[in-house]
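Structure data (mmCIF, C-alpha atoms and all ligand atoms) from my_file-v3.cif:
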```cif
data_start
#
loop_
_atom_site.label_atom_id
_atom_site.label_comp_id
_atom_site.auth_asym_id
_atom_site.auth_seq_id
_atom_site.Cartn_x
_atom_site.Cartn_y
_atom_site.Cartn_z
CA MET W 1 -6.88 3.39 -4.98
CA ILE W 2 -6.44 -0.37 -4.75
CA LYS W 3 -7.75 -2.57 -1.96
CA TYR W 4 -4.77 -2.92 0.36
CA LEU W 5 -3.97 -4.68 3.62
CA GLY W 6 -3.09 -2.20 6.33
CA SER W 7 -4.19 0.74 4.23
CA LYS W 8 -4.81 3.77 6.42
CA ARG W 9 -8.09 4.83 4.78
CA ARG W 10 -9.85 5.46 8.09
CA LEU W 11 -6.87 7.15 9.72
CA VAL W 12 -6.13 9.53 6.87
CA PRO W 13 -8.19 12.42 8.33
CA VAL W 14 -6.35 12.03 11.65
CA LEU W 15 -2.95 11.94 9.97
CA ALA W 16 -3.86 14.93 7.79
CA GLN W 17 -4.90 16.88 10.88
CA LEU W 18 -1.74 15.87 12.65
CA CYS W 19 0.37 17.00 9.69
CA ALA W 20 -1.44 20.34 9.49
CA ALA W 21 -1.09 20.94 13.25
CA SER W 22 2.62 20.14 13.12
CA GLY W 23 3.19 22.89 10.54
CA ALA W 24 5.35 20.49 8.51
CA ARG W 25 6.70 21.67 5.14
CA THR W 26 8.53 18.41 4.40
CA ALA W 27 7.38 14.87 5.15
CA LEU W 28 8.46 11.28 4.71
CA ASP W 29 6.03 8.38 4.19
CA LEU W 30 8.36 5.45 4.71
CA PHE W 31 6.07 2.48 3.94
CA THR W 32 3.82 4.24 1.49
CA GLY W 33 1.76 1.35 -0.03
CA THR W 34 -1.20 2.95 -1.82
CA THR W 35 0.36 6.41 -1.11
CA ARG W 36 -2.92 7.59 0.42
CA VAL W 37 -1.18 9.08 3.48
CA ALA W 38 1.53 10.69 1.33
CA GLN W 39 -1.26 12.12 -0.85
CA ALA W 40 -2.99 13.60 2.21
CA PHE W 41 0.28 15.33 3.15
CA LYS W 42 0.97 16.51 -0.42
CA THR W 43 -2.55 17.97 -0.64
CA GLN W 44 -1.53 20.32 2.18
CA GLY W 45 1.34 21.68 0.13
CA VAL W 46 3.95 19.58 1.94
CA ALA W 47 6.94 18.27 -0.07
CA VAL W 48 6.65 14.51 0.42
CA THR W 49 9.08 11.64 -0.08
CA ALA W 50 7.32 8.28 -0.48
CA VAL W 51 9.25 5.02 0.04
CA ASP W 52 8.33 1.35 -0.37
CA THR W 53 9.98 -1.87 -1.52
CA ALA W 54 7.04 -2.94 -3.67
CA ARG W 55 7.26 -2.22 -7.40
CA TYR W 56 3.59 -1.24 -7.67
CA ALA W 57 3.83 1.08 -4.62
CA HIS W 58 6.79 2.78 -6.29
CA ILE W 59 4.75 3.26 -9.46
CA PHE W 60 1.88 4.73 -7.40
CA ALA W 61 4.39 7.05 -5.69
CA GLN W 62 5.78 8.16 -9.05
CA CYS W 63 2.23 8.86 -10.21
CA TYR W 64 0.68 10.57 -7.20
CA ILE W 65 3.68 11.97 -5.31
CA GLU W 66 6.56 12.59 -7.73
CA THR W 67 4.43 13.81 -10.63
CA ASP W 68 3.41 17.46 -10.46
CA ALA W 69 -0.08 17.68 -12.01
CA ALA W 70 0.72 21.16 -13.28
CA ALA W 71 3.50 19.76 -15.47
CA VAL W 72 1.48 16.94 -17.08
CA ASP W 73 0.25 17.09 -20.67
CA MET W 74 -3.36 16.29 -19.77
CA THR W 75 -4.46 16.07 -23.40
CA ALA W 76 -1.83 13.42 -24.10
CA LEU W 77 -2.84 11.56 -20.95
CA HIS W 78 -6.52 11.49 -21.93
CA VAL W 79 -5.62 10.37 -25.45
CA ALA W 80 -3.45 7.56 -24.06
CA ILE W 81 -6.13 6.33 -21.63
CA ASP W 82 -8.76 6.41 -24.42
CA HIS W 83 -6.44 4.43 -26.64
CA LEU W 84 -5.82 1.78 -23.95
CA ASN W 85 -9.55 1.50 -23.27
CA ARG W 86 -10.27 0.83 -26.95
CA LEU W 87 -7.71 -1.95 -27.41
CA ARG W 88 -9.03 -5.44 -28.17
CA GLY W 89 -8.01 -8.22 -25.82
CA ARG W 90 -4.95 -10.36 -26.52
CA GLN W 91 -4.44 -13.74 -24.84
CA GLY W 92 -1.05 -13.36 -23.16
CA TYR W 93 0.57 -14.04 -19.78
CA VAL W 94 -2.20 -12.51 -17.64
CA HIS W 95 -4.90 -14.38 -19.54
CA ARG W 96 -3.11 -17.72 -19.26
CA THR W 97 -1.81 -17.37 -15.71
CA PHE W 98 -4.48 -15.38 -13.91
CA SER W 99 -7.67 -16.37 -15.73
CA GLN W 100 -7.01 -19.97 -16.88
CA GLU W 101 -4.54 -21.45 -14.35
CA ALA W 102 -5.96 -19.26 -11.54
CA ARG W 103 -9.13 -17.19 -11.55
CA PHE W 104 -8.22 -13.69 -10.48
CA PHE W 105 -9.85 -12.09 -13.55
CA GLN W 106 -12.54 -13.15 -15.97
CA PRO W 107 -10.91 -14.17 -19.27
CA PHE W 108 -12.24 -11.22 -21.30
CA ASN W 109 -10.77 -8.74 -18.78
CA ALA W 110 -7.50 -10.65 -18.45
CA ALA W 111 -6.98 -10.44 -22.23
CA ARG W 112 -7.62 -6.68 -22.14
CA ILE W 113 -5.09 -6.29 -19.29
CA ASP W 114 -2.55 -8.11 -21.49
CA ALA W 115 -3.27 -5.81 -24.42
CA ALA W 116 -3.11 -2.62 -22.35
CA ARG W 117 0.06 -3.64 -20.53
CA ASP W 118 1.84 -4.50 -23.79
CA ALA W 119 0.82 -1.17 -25.28
CA ILE W 120 2.07 0.77 -22.26
CA GLU W 121 5.47 -0.89 -22.60
CA ARG W 122 5.65 -0.50 -26.36
CA ARG W 123 4.44 3.11 -26.64
CA TYR W 124 5.14 4.82 -23.31
CA ALA W 125 8.29 3.29 -21.77
CA GLY W 126 10.51 6.23 -20.79
CA SER W 127 7.64 8.73 -21.06
CA PRO W 128 6.44 10.77 -18.05
CA LEU W 129 3.04 9.17 -18.72
CA TYR W 130 4.38 5.65 -18.05
CA PRO W 131 3.77 5.50 -14.24
CA LEU W 132 0.43 7.28 -14.68
CA LEU W 133 -0.80 4.72 -17.21
CA LEU W 134 0.49 1.77 -15.18
CA THR W 135 -1.24 3.13 -12.08
CA SER W 136 -4.42 3.54 -14.07
CA LEU W 137 -4.19 -0.05 -15.34
CA ILE W 138 -3.53 -1.58 -11.89
CA GLU W 139 -6.40 0.39 -10.35
CA ALA W 140 -8.70 -0.67 -13.21
CA ALA W 141 -7.67 -4.32 -12.77
CA ASP W 142 -8.24 -4.06 -9.01
CA ARG W 143 -11.83 -2.89 -9.63
CA VAL W 144 -12.63 -6.09 -11.60
CA ASP W 145 -10.65 -8.70 -9.67
CA SER W 146 -12.17 -11.75 -8.01
CA THR W 147 -10.41 -11.85 -4.66
CA THR W 148 -11.11 -10.91 -1.07
CA GLY W 149 -8.45 -8.23 -1.39
CA VAL W 150 -5.29 -10.34 -1.35
CA GLN W 151 -3.85 -12.48 -4.13
CA MET W 152 -3.03 -15.65 -2.19
CA ALA W 153 -6.44 -17.04 -3.18
CA TYR W 154 -9.47 -16.18 -5.25
CA VAL W 155 -13.12 -16.46 -4.34
CA LYS W 156 -15.11 -19.62 -4.97
CA GLN W 157 -17.56 -18.02 -7.36
CA TRP W 158 -16.71 -15.06 -9.56
CA ALA W 159 -17.03 -11.87 -7.53
CA PRO W 160 -19.86 -9.76 -9.04
CA ARG W 161 -17.45 -6.91 -9.85
CA SER W 162 -15.33 -9.24 -12.00
CA ALA W 163 -18.13 -9.27 -14.64
CA ASN W 164 -17.72 -5.52 -15.19
CA PRO W 165 -15.58 -4.47 -18.13
CA LEU W 166 -12.06 -3.21 -17.40
CA VAL W 167 -12.10 0.60 -17.63
CA LEU W 168 -8.98 2.70 -17.15
CA ARG W 169 -9.50 6.16 -15.63
CA VAL W 170 -7.30 9.23 -15.58
CA PRO W 171 -5.60 9.23 -12.14
CA GLU W 172 -6.44 12.17 -9.89
CA LEU W 173 -3.05 13.84 -9.87
CA LEU W 174 -1.89 16.38 -7.30
CA SER W 175 0.04 19.57 -7.88
CA GLY W 176 3.33 20.12 -6.13
CA ALA W 177 6.74 18.62 -5.53
CA GLY W 178 7.45 15.11 -4.32
CA ARG W 179 9.85 12.22 -4.54
CA ALA W 180 9.40 8.46 -4.99
CA VAL W 181 12.07 6.09 -3.69
CA ARG W 182 12.04 2.32 -4.02
CA GLY W 183 14.05 0.66 -1.30
CA ASP W 184 14.27 -1.04 2.08
CA ALA W 185 13.24 1.50 4.71
CA ALA W 186 15.97 0.42 7.13
CA VAL W 187 18.62 0.95 4.45
CA VAL W 188 17.42 4.13 2.74
CA ALA W 189 16.06 6.04 5.77
CA PRO W 190 19.44 7.61 6.73
CA THR W 191 19.98 8.83 3.15
CA LEU W 192 16.75 10.81 2.78
CA GLY W 193 16.38 13.45 5.49
CA PRO W 194 15.97 15.83 7.15
CA PHE W 195 12.18 16.04 7.42
CA ASP W 196 9.74 17.98 9.57
CA LEU W 197 7.47 14.95 9.82
CA ALA W 198 8.15 11.25 9.28
CA TYR W 199 5.33 8.72 9.12
CA LEU W 200 6.19 5.02 9.48
CA ASP W 201 3.61 2.35 8.70
CA PRO W 202 5.48 -0.98 8.57
CA PRO W 203 3.85 -4.41 8.07
CA TYR W 204 2.35 -5.74 11.33
CA ASN W 205 2.72 -9.47 10.89
CA GLN W 206 4.15 -12.37 8.87
CA HIS W 207 1.90 -11.84 5.84
CA ARG W 208 4.11 -10.69 3.00
CA TYR W 209 3.06 -7.91 0.67
CA PHE W 210 5.20 -9.45 -2.07
CA THR W 211 3.01 -12.56 -2.18
CA ASN W 212 -0.30 -10.92 -1.24
CA TYR W 213 0.04 -8.57 -4.21
CA HIS W 214 2.15 -10.68 -6.58
CA VAL W 215 -0.15 -9.93 -9.54
CA TRP W 216 0.59 -6.20 -9.23
CA GLU W 217 4.34 -6.92 -8.89
CA THR W 218 4.18 -8.87 -12.14
CA LEU W 219 2.07 -6.28 -13.93
CA VAL W 220 4.76 -3.71 -13.19
CA ALA W 221 7.81 -5.92 -13.81
CA TRP W 222 6.16 -7.40 -16.94
CA ASP W 223 8.72 -10.17 -16.92
CA ALA W 224 6.43 -13.20 -17.34
CA PRO W 225 7.88 -15.06 -14.33
CA GLU W 226 7.45 -18.79 -13.84
CA PRO W 227 4.32 -19.13 -11.69
CA TYR W 228 3.77 -21.71 -8.94
CA GLY W 229 1.01 -22.96 -6.65
CA VAL W 230 -2.75 -22.42 -6.92
CA ALA W 231 -2.31 -18.64 -6.68
CA ARG W 232 0.31 -18.73 -9.51
CA LYS W 233 2.77 -16.66 -7.49
CA ARG W 234 6.05 -15.42 -8.91
CA ILE W 235 8.86 -17.98 -8.51
CA ASP W 236 11.08 -15.29 -6.95
CA ALA W 237 8.67 -15.19 -3.99
CA ARG W 238 10.88 -18.09 -2.80
CA ASP W 239 13.98 -15.92 -3.01
CA PRO W 240 15.11 -14.53 0.38
CA SER W 241 15.74 -11.14 -1.26
CA THR W 242 11.98 -10.67 -1.65
CA ARG W 243 11.40 -11.09 2.09
CA SER W 244 11.01 -8.16 4.47
CA ALA W 245 12.61 -8.10 7.92
CA PHE W 246 9.33 -6.54 9.09
CA ASN W 247 7.44 -9.78 8.40
CA SER W 248 9.32 -11.84 10.99
CA LYS W 249 8.84 -11.66 14.74
CA ARG W 250 12.55 -12.35 15.18
CA THR W 251 13.91 -9.66 12.86
CA MET W 252 11.22 -6.99 13.06
CA PRO W 253 12.23 -5.24 16.32
CA ASP W 254 15.81 -4.64 15.18
CA ALA W 255 14.69 -3.56 11.72
CA LEU W 256 12.26 -1.06 13.22
CA ARG W 257 14.86 0.23 15.68
CA GLN W 258 17.42 0.67 12.90
CA THR W 259 14.82 2.46 10.74
CA VAL W 260 13.69 4.83 13.49
CA ARG W 261 17.31 5.69 14.32
CA GLY W 262 18.01 6.32 10.65
CA VAL W 263 15.21 8.83 10.15
CA ASP W 264 16.17 12.48 10.64
CA CYS W 265 12.95 14.28 11.62
CA GLU W 266 11.37 16.72 14.07
CA LEU W 267 8.24 14.65 14.61
CA LEU W 268 8.03 10.90 14.19
CA VAL W 269 4.68 9.11 13.87
CA LEU W 270 4.58 5.32 13.89
CA SER W 271 1.46 3.33 13.03
CA TYR W 272 1.17 0.00 14.69
CA ASN W 273 -1.43 -2.45 15.87
CA ASP W 274 -2.14 -3.72 19.33
CA GLU W 275 -2.33 -7.38 18.19
CA SER W 276 1.21 -7.43 16.89
CA TRP W 277 4.64 -8.41 18.12
CA LEU W 278 5.58 -5.33 20.12
CA GLY W 279 3.57 -3.86 22.99
CA VAL W 280 2.92 -0.15 23.53
CA ALA W 281 5.71 0.20 26.10
CA GLU W 282 8.27 -1.36 23.74
CA LEU W 283 7.11 0.82 20.86
CA GLU W 284 7.36 3.95 22.98
CA THR W 285 10.86 3.05 24.14
CA LEU W 286 11.90 2.35 20.59
CA CYS W 287 10.48 5.62 19.20
CA GLY W 288 11.38 7.75 22.23
CA GLU W 289 15.16 7.63 22.60
CA GLY W 290 15.40 11.04 24.28
CA ARG W 291 12.15 12.39 22.84
CA GLU W 292 8.74 12.79 24.42
CA VAL W 293 6.23 10.15 23.32
CA ALA W 294 2.44 9.92 23.24
CA THR W 295 0.34 7.04 21.96
CA LEU W 296 -3.16 7.28 20.54
CA ALA W 297 -5.35 4.22 20.00
CA PHE W 298 -8.19 3.91 17.48
CA ASP W 299 -10.76 1.18 17.09
CA SER W 300 -10.52 -0.45 13.71
CA ALA W 301 -12.45 -3.11 11.84
CA ARG W 302 -10.25 -5.87 10.48
CA TYR W 303 -9.72 -6.26 6.75
CA VAL W 304 -12.47 -7.93 4.82
CA GLY W 305 -10.59 -11.22 4.30
CA ALA W 306 -10.70 -11.88 8.02
CA ARG W 307 -14.38 -11.07 8.17
CA ILE W 308 -15.65 -13.44 5.53
CA GLY W 309 -12.96 -16.10 5.37
CA ILE W 310 -10.80 -17.04 2.41
CA TYR W 311 -11.51 -19.86 -0.02
CA ASP W 312 -9.17 -22.13 -1.91
CA PRO W 313 -9.90 -23.06 -5.59
CA SER W 314 -12.19 -25.97 -4.63
CA GLY W 315 -14.33 -23.69 -2.52
CA VAL W 316 -13.06 -24.94 0.83
CA LYS W 317 -12.76 -22.21 3.40
CA VAL W 318 -9.17 -21.78 4.54
CA GLY W 319 -7.92 -19.63 7.38
CA ARG W 320 -10.01 -18.88 10.44
CA VAL W 321 -11.65 -15.73 11.55
CA SER W 322 -10.57 -14.96 15.08
CA HIS W 323 -12.01 -11.66 16.25
CA LEU W 324 -13.13 -8.71 14.28
CA SER W 325 -11.84 -5.66 16.02
CA ASN W 326 -8.47 -4.43 17.13
CA HIS W 327 -6.76 -1.14 17.77
CA GLU W 328 -4.67 0.99 15.47
CA LEU W 329 -1.94 2.77 17.42
CA LEU W 330 -0.22 6.02 16.60
CA VAL W 331 3.01 6.45 18.52
CA ILE W 332 4.07 10.10 18.28
CA ALA W 333 7.57 11.18 19.27
CA GLY W 334 9.35 14.53 19.26
CA GLU W 335 10.03 17.64 21.27
CA GLY W 336 7.49 17.89 24.14
CA ASP W 337 5.55 21.02 23.11
CA LEU W 338 5.18 19.82 19.54
CA VAL W 339 3.97 16.36 20.59
CA ARG W 340 1.42 17.84 23.00
CA HIS W 341 0.25 20.33 20.39
CA VAL W 342 -0.43 17.72 17.68
CA VAL W 343 -2.04 15.30 20.14
CA ASP W 344 -4.38 18.09 21.32
CA ALA W 345 -5.23 18.92 17.72
CA VAL W 346 -6.17 15.31 17.00
CA GLY W 347 -8.07 15.07 20.30
CA ARG W 348 -10.20 18.07 19.27
CA MET W 349 -11.43 16.23 16.16
CA GLY W 350 -15.00 15.41 17.07
CA ASP W 351 -18.17 14.30 15.36
CA GLY W 352 -18.62 15.69 11.91
CA THR W 353 -15.30 14.34 10.67
CA CYS W 354 -15.14 10.84 9.23
CA ALA W 355 -12.23 10.12 11.53
CA PRO W 356 -12.46 7.81 14.48
CA GLY W 357 -11.65 9.62 17.73
CA PRO W 358 -8.80 8.36 19.85
CA ASP W 359 -10.05 6.34 22.81
CA ARG W 360 -6.86 6.26 24.80
CA LEU W 361 -4.24 8.83 25.38
CA GLN W 362 -1.06 7.79 27.03
CA TRP W 363 1.93 9.87 28.05
CA ALA W 364 5.32 8.43 28.59
CA PRO W 365 6.86 9.56 31.89
C1 LIG R 401 0.95 -1.38 6.35
S1 LIG R 401 1.46 -1.23 4.66
C2 LIG R 401 1.46 0.51 4.39
C3 LIG R 401 0.09 1.01 3.99
C4 LIG R 401 0.06 2.47 3.61
N1 LIG R 401 0.32 3.35 4.73
C5 LIG R 401 -1.28 2.81 3.00
O1 LIG R 401 -2.10 3.50 3.65
O2 LIG R 401 -1.55 2.35 1.86
C6 LIG R 401 3.17 -1.63 4.76
C7 LIG R 401 3.98 -1.37 3.50
O3 LIG R 401 5.35 -1.63 3.80
C8 LIG R 401 5.98 -2.11 2.62
N2 LIG R 401 7.25 -2.74 3.07
C9 LIG R 401 7.45 -3.98 3.59
N3 LIG R 401 8.72 -4.13 3.96
C10 LIG R 401 9.36 -2.97 3.67
C11 LIG R 401 10.69 -2.49 3.83
N4 LIG R 401 11.64 -3.28 4.38
N5 LIG R 401 10.98 -1.24 3.43
C12 LIG R 401 10.03 -0.44 2.87
N6 LIG R 401 8.75 -0.84 2.68
C13 LIG R 401 8.42 -2.08 3.09
C14 LIG R 401 4.97 -3.00 1.98
O4 LIG R 401 5.22 -3.17 0.60
C15 LIG R 401 3.66 -2.23 2.28
O5 LIG R 401 3.32 -1.41 1.20
#
```
Could you write out this file's structure as structure tokens?
Ligand SMILES: C[S@@+](CC[C@H](N)C(=O)[O-])C[C@H]1O[C@@H](n2cnc3c(N)ncnc32)[C@H](O)[C@@H]1O
Amino acid sequence: MIKYLGSKRRLVPVLAQLCAASGARTALDLFTGTTRVAQAFKTQGVAVTAVDTARYAHIFAQCYIETDAAAVDMTALHVAIDHLNRLRGRQGYVHRTFSQEARFFQPFNAARIDAARDAIERRYAGSPLYPLLLTSLIEAADRVDSTTGVQMAYVKQWAPRSANPLVLRVPELLSGAGRAVRGDAAVVAPTLGPFDLAYLDPPYNQHRYFTNYHVWETLVAWDAPEPYGVARKRIDARDPSTRSAFNSKRTMPDALRQTVRGVDCELLVLSYNDESWLGVAELETLCGEGREVATLAFDSARYVGARIGIYDPSGVKVGRVSHLSNHELLVIAGEGDLVRHVVDAVGRMGDGTCAPGPDRLQWAP
């Protein structure tokens, strides 16, 4: 899986436990990103729908959630990955834009990304292997990038991993049914249900995923957009249609309210962060609306970019590190017995799991 801001790597065991305790057979992951939470649900045999606006997240969802491993021609997949790994580099858009004008990849890897991406389009467009191969390529590129995890800047000196050769791997596919939907959560939510469990993990702040991961957007779109600025972002990053209502303090509360109201589910779980625009009481009111609500809080280390600082191309440190720990919140809403049951199940998770235990339990009156 790619390095991703707001990724719920540490909370996945908690969310998996919560899903199991709820007895859900159907689930919605409304801001799916890497799809790691949707994957944890699917692993339990739950039929999952994974939604995101990002092109690359939609490709990941097609690969890991919509694709049933049992239906994949694994021989053809291995042959395709071997073929892509053997291609010689070709100096195309990625080489020019992201290794010469910017330095996200070393030139030899950038040329191989160009070659592999062209081949995927030429040979596999329309094939069920297409999202699997694209996922494999993005994950391979992520393993050899030279960033702190976001694509607004690159590190002053080549990151050690960027010297490794690009190697595509066969994605670890899951068996079972699933659905991938690309769209604005607030718009599509009412069209998708009903679900036993809905998990909502919206952006927490003004930092846009579209610009932080513009290289992955372009690798999927493969439309050679005009680039601008030191990070060589896509020109359509300036287009209002690429903005999310969840990235603005002014528009986020209404967007979240509209989304929550649109979701048809028995149990709603919202991830949020205690440094963000809405406080716990506001979140509980927003998620409650006639349902019982509990909030769990988990200590979390901040993403690596905040820890080490971010550098511009001349090596000057930009952005300041404020403090290094915050709390991840899980706001859980539904019928009283069900909410209490899943909260108890999470509370019983002790040492021996890799999950952080909740350090605060709060019941709405
Ligand atoms: C906090 S991240 C989710 C991380 C994910 N749970 C994971 O573990 O990888 C928020 C996600 O919301 C997506 N997003 C932003 N605005 C959106 C919108 N209006 N509708 C749907 N998805 C949106 C972003 O592309 C991003 O993937």
Write out as JSON lines the residues of chain W that have any atom within 9 Å of an atom of ligand LIG 401 (chain R), one row each with the nearest atom pair and its distance in Å to one decimal, counting only C-alpha atoms and all ligand atoms, sorted by chain and then rising number.
```
{"residue": "W:Met1", "atom": "CA", "partner": "R:LIG401", "partner_atom": "O2", "distance": 8.7}
{"residue": "W:Ile2", "atom": "CA", "partner": "R:LIG401", "partner_atom": "O2", "distance": 8.7}
{"residue": "W:Lys3", "atom": "CA", "partner": "R:LIG401", "partner_atom": "O2", "distance": 8.8}
{"residue": "W:Tyr4", "atom": "CA", "partner": "R:LIG401", "partner_atom": "O2", "distance": 6.4}
{"residue": "W:Leu5", "atom": "CA", "partner": "R:LIG401", "partner_atom": "S1", "distance": 6.5}
{"residue": "W:Gly6", "atom": "CA", "partner": "R:LIG401", "partner_atom": "C1", "distance": 4.1}
{"residue": "W:Ser7", "atom": "CA", "partner": "R:LIG401", "partner_atom": "O1", "distance": 3.5}
{"residue": "W:Lys8", "atom": "CA", "partner": "R:LIG401", "partner_atom": "O1", "distance": 3.9}
{"residue": "W:Arg9", "atom": "CA", "partner": "R:LIG401", "partner_atom": "O1", "distance": 6.2}
{"residue": "W:Leu11", "atom": "CA", "partner": "R:LIG401", "partner_atom": "O1", "distance": 8.5}
{"residue": "W:Val12", "atom": "CA", "partner": "R:LIG401", "partner_atom": "O1", "distance": 7.9}
{"residue": "W:Asp29", "atom": "CA", "partner": "R:LIG401", "partner_atom": "N1", "distance": 7.6}
{"residue": "W:Leu30", "atom": "CA", "partner": "R:LIG401", "partner_atom": "C12", "distance": 6.4}
{"residue": "W:Phe31", "atom": "CA", "partner": "R:LIG401", "partner_atom": "O3", "distance": 4.2}
{"residue": "W:Thr32", "atom": "CA", "partner": "R:LIG401", "partner_atom": "C4", "distance": 4.7}
{"residue": "W:Gly33", "atom": "CA", "partner": "R:LIG401", "partner_atom": "O5", "distance": 3.4}
{"residue": "W:Thr34", "atom": "CA", "partner": "R:LIG401", "partner_atom": "O2", "distance": 3.7}
{"residue": "W:Thr35", "atom": "CA", "partner": "R:LIG401", "partner_atom": "O2", "distance": 5.4}
{"residue": "W:Arg36", "atom": "CA", "partner": "R:LIG401", "partner_atom": "O1", "distance": 5.3}
{"residue": "W:Val37", "atom": "CA", "partner": "R:LIG401", "partner_atom": "O1", "distance": 5.7}
{"residue": "W:Ala38", "atom": "CA", "partner": "R:LIG401", "partner_atom": "N1", "distance": 8.2}
{"residue": "W:Val51", "atom": "CA", "partner": "R:LIG401", "partner_atom": "C12", "distance": 6.2}
{"residue": "W:Asp52", "atom": "CA", "partner": "R:LIG401", "partner_atom": "N6", "distance": 3.8}
{"residue": "W:Thr53", "atom": "CA", "partner": "R:LIG401", "partner_atom": "N6", "distance": 4.5}
{"residue": "W:Ala54", "atom": "CA", "partner": "R:LIG401", "partner_atom": "O4", "distance": 4.6}
{"residue": "W:Arg55", "atom": "CA", "partner": "R:LIG401", "partner_atom": "O4", "distance": 8.3}
{"residue": "W:Tyr56", "atom": "CA", "partner": "R:LIG401", "partner_atom": "O4", "distance": 8.6}
{"residue": "W:Ala57", "atom": "CA", "partner": "R:LIG401", "partner_atom": "O5", "distance": 6.4}
{"residue": "W:Arg182", "atom": "CA", "partner": "R:LIG401", "partner_atom": "C12", "distance": 7.7}
{"residue": "W:Gly183", "atom": "CA", "partner": "R:LIG401", "partner_atom": "C12", "distance": 5.9}
{"residue": "W:Asp184", "atom": "CA", "partner": "R:LIG401", "partner_atom": "N5", "distance": 3.6}
{"residue": "W:Ala185", "atom": "CA", "partner": "R:LIG401", "partner_atom": "N5", "distance": 3.8}
{"residue": "W:Ala186", "atom": "CA", "partner": "R:LIG401", "partner_atom": "N4", "distance": 6.3}
{"residue": "W:Val187", "atom": "CA", "partner": "R:LIG401", "partner_atom": "N5", "distance": 8.0}
{"residue": "W:Val188", "atom": "CA", "partner": "R:LIG401", "partner_atom": "N5", "distance": 8.4}
{"residue": "W:Tyr199", "atom": "CA", "partner": "R:LIG401", "partner_atom": "N1", "distance": 8.6}
{"residue": "W:Leu200", "atom": "CA", "partner": "R:LIG401", "partner_atom": "N1", "distance": 7.7}
{"residue": "W:Asp201", "atom": "CA", "partner": "R:LIG401", "partner_atom": "C1", "distance": 5.1}
{"residue": "W:Pro202", "atom": "CA", "partner": "R:LIG401", "partner_atom": "C6", "distance": 4.5}
{"residue": "W:Pro203", "atom": "CA", "partner": "R:LIG401", "partner_atom": "C6", "distance": 4.4}
{"residue": "W:Tyr204", "atom": "CA", "partner": "R:LIG401", "partner_atom": "C1", "distance": 6.8}
{"residue": "W:Arg208", "atom": "CA", "partner": "R:LIG401", "partner_atom": "C9", "distance": 7.5}
{"residue": "W:Tyr209", "atom": "CA", "partner": "R:LIG401", "partner_atom": "O4", "distance": 5.2}
{"residue": "W:Phe210", "atom": "CA", "partner": "R:LIG401", "partner_atom": "O4", "distance": 6.8}
{"residue": "W:Tyr213", "atom": "CA", "partner": "R:LIG401", "partner_atom": "O4", "distance": 8.9}
{"residue": "W:Arg243", "atom": "CA", "partner": "R:LIG401", "partner_atom": "N3", "distance": 7.7}
{"residue": "W:Ser244", "atom": "CA", "partner": "R:LIG401", "partner_atom": "N3", "distance": 4.7}
{"residue": "W:Ala245", "atom": "CA", "partner": "R:LIG401", "partner_atom": "N4", "distance": 6.1}
{"residue": "W:Phe246", "atom": "CA", "partner": "R:LIG401", "partner_atom": "N3", "distance": 5.7}
{"residue": "W:Asn247", "atom": "CA", "partner": "R:LIG401", "partner_atom": "N3", "distance": 7.3}
{"residue": "W:Ala255", "atom": "CA", "partner": "R:LIG401", "partner_atom": "N4", "distance": 8.0}
{"residue": "W:Ser271", "atom": "CA", "partner": "R:LIG401", "partner_atom": "C1", "distance": 8.2}
{"residue": "W:Tyr272", "atom": "CA", "partner": "R:LIG401", "partner_atom": "C1", "distance": 8.5}
```
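Atom CA of Ala125 of chain W is positioned 18.8 Å from atom CA of Asp68 of chain W.
Distance-wise, atom CA of Ile138 of chain W and atom CA of Arg234 of chain W end up 17.1 Å apart.
Interatomic distance, atom CA of Glu139 of chain W against atom CA of Arg179 of chain W: 20.9 Å.
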Counting all atoms listed in the file, what are the residues of segment 208-307 of chain W within 9 Å of segment 90-109 of chain W, and for each of them which pair of atoms is the nearest and at what distance in Å, to one decimal? Sort the table by chain and rising number, as a tab-separated table.
```
residue	atom	partner	partner_atom	distance
W:Val215	CA	W:Phe98	CA	8.2
W:Leu219	CA	W:Val94	CA	8.4
W:Ala224	CA	W:Tyr93	CA	6.4
W:Pro227	CA	W:Thr97	CA	7.5
W:Val230	CA	W:Ala102	CA	6.5
W:Ala231	CA	W:Ala102	CA	6.1
W:Arg232	CA	W:Ala102	CA	6.6
```
10 Å contact set for Asp118 of chain W, all atoms listed in the file, chain neighbours under 5 positions out, as a VMD selection string: chain W and resid 84 90 92 112 to 113 123 to 124 222
Pick from W:Thr43, W:Ser248, W:Thr295, W:Asn164 nearest to Ala140 of chain W, counting all atoms listed in the file: W:Asn164
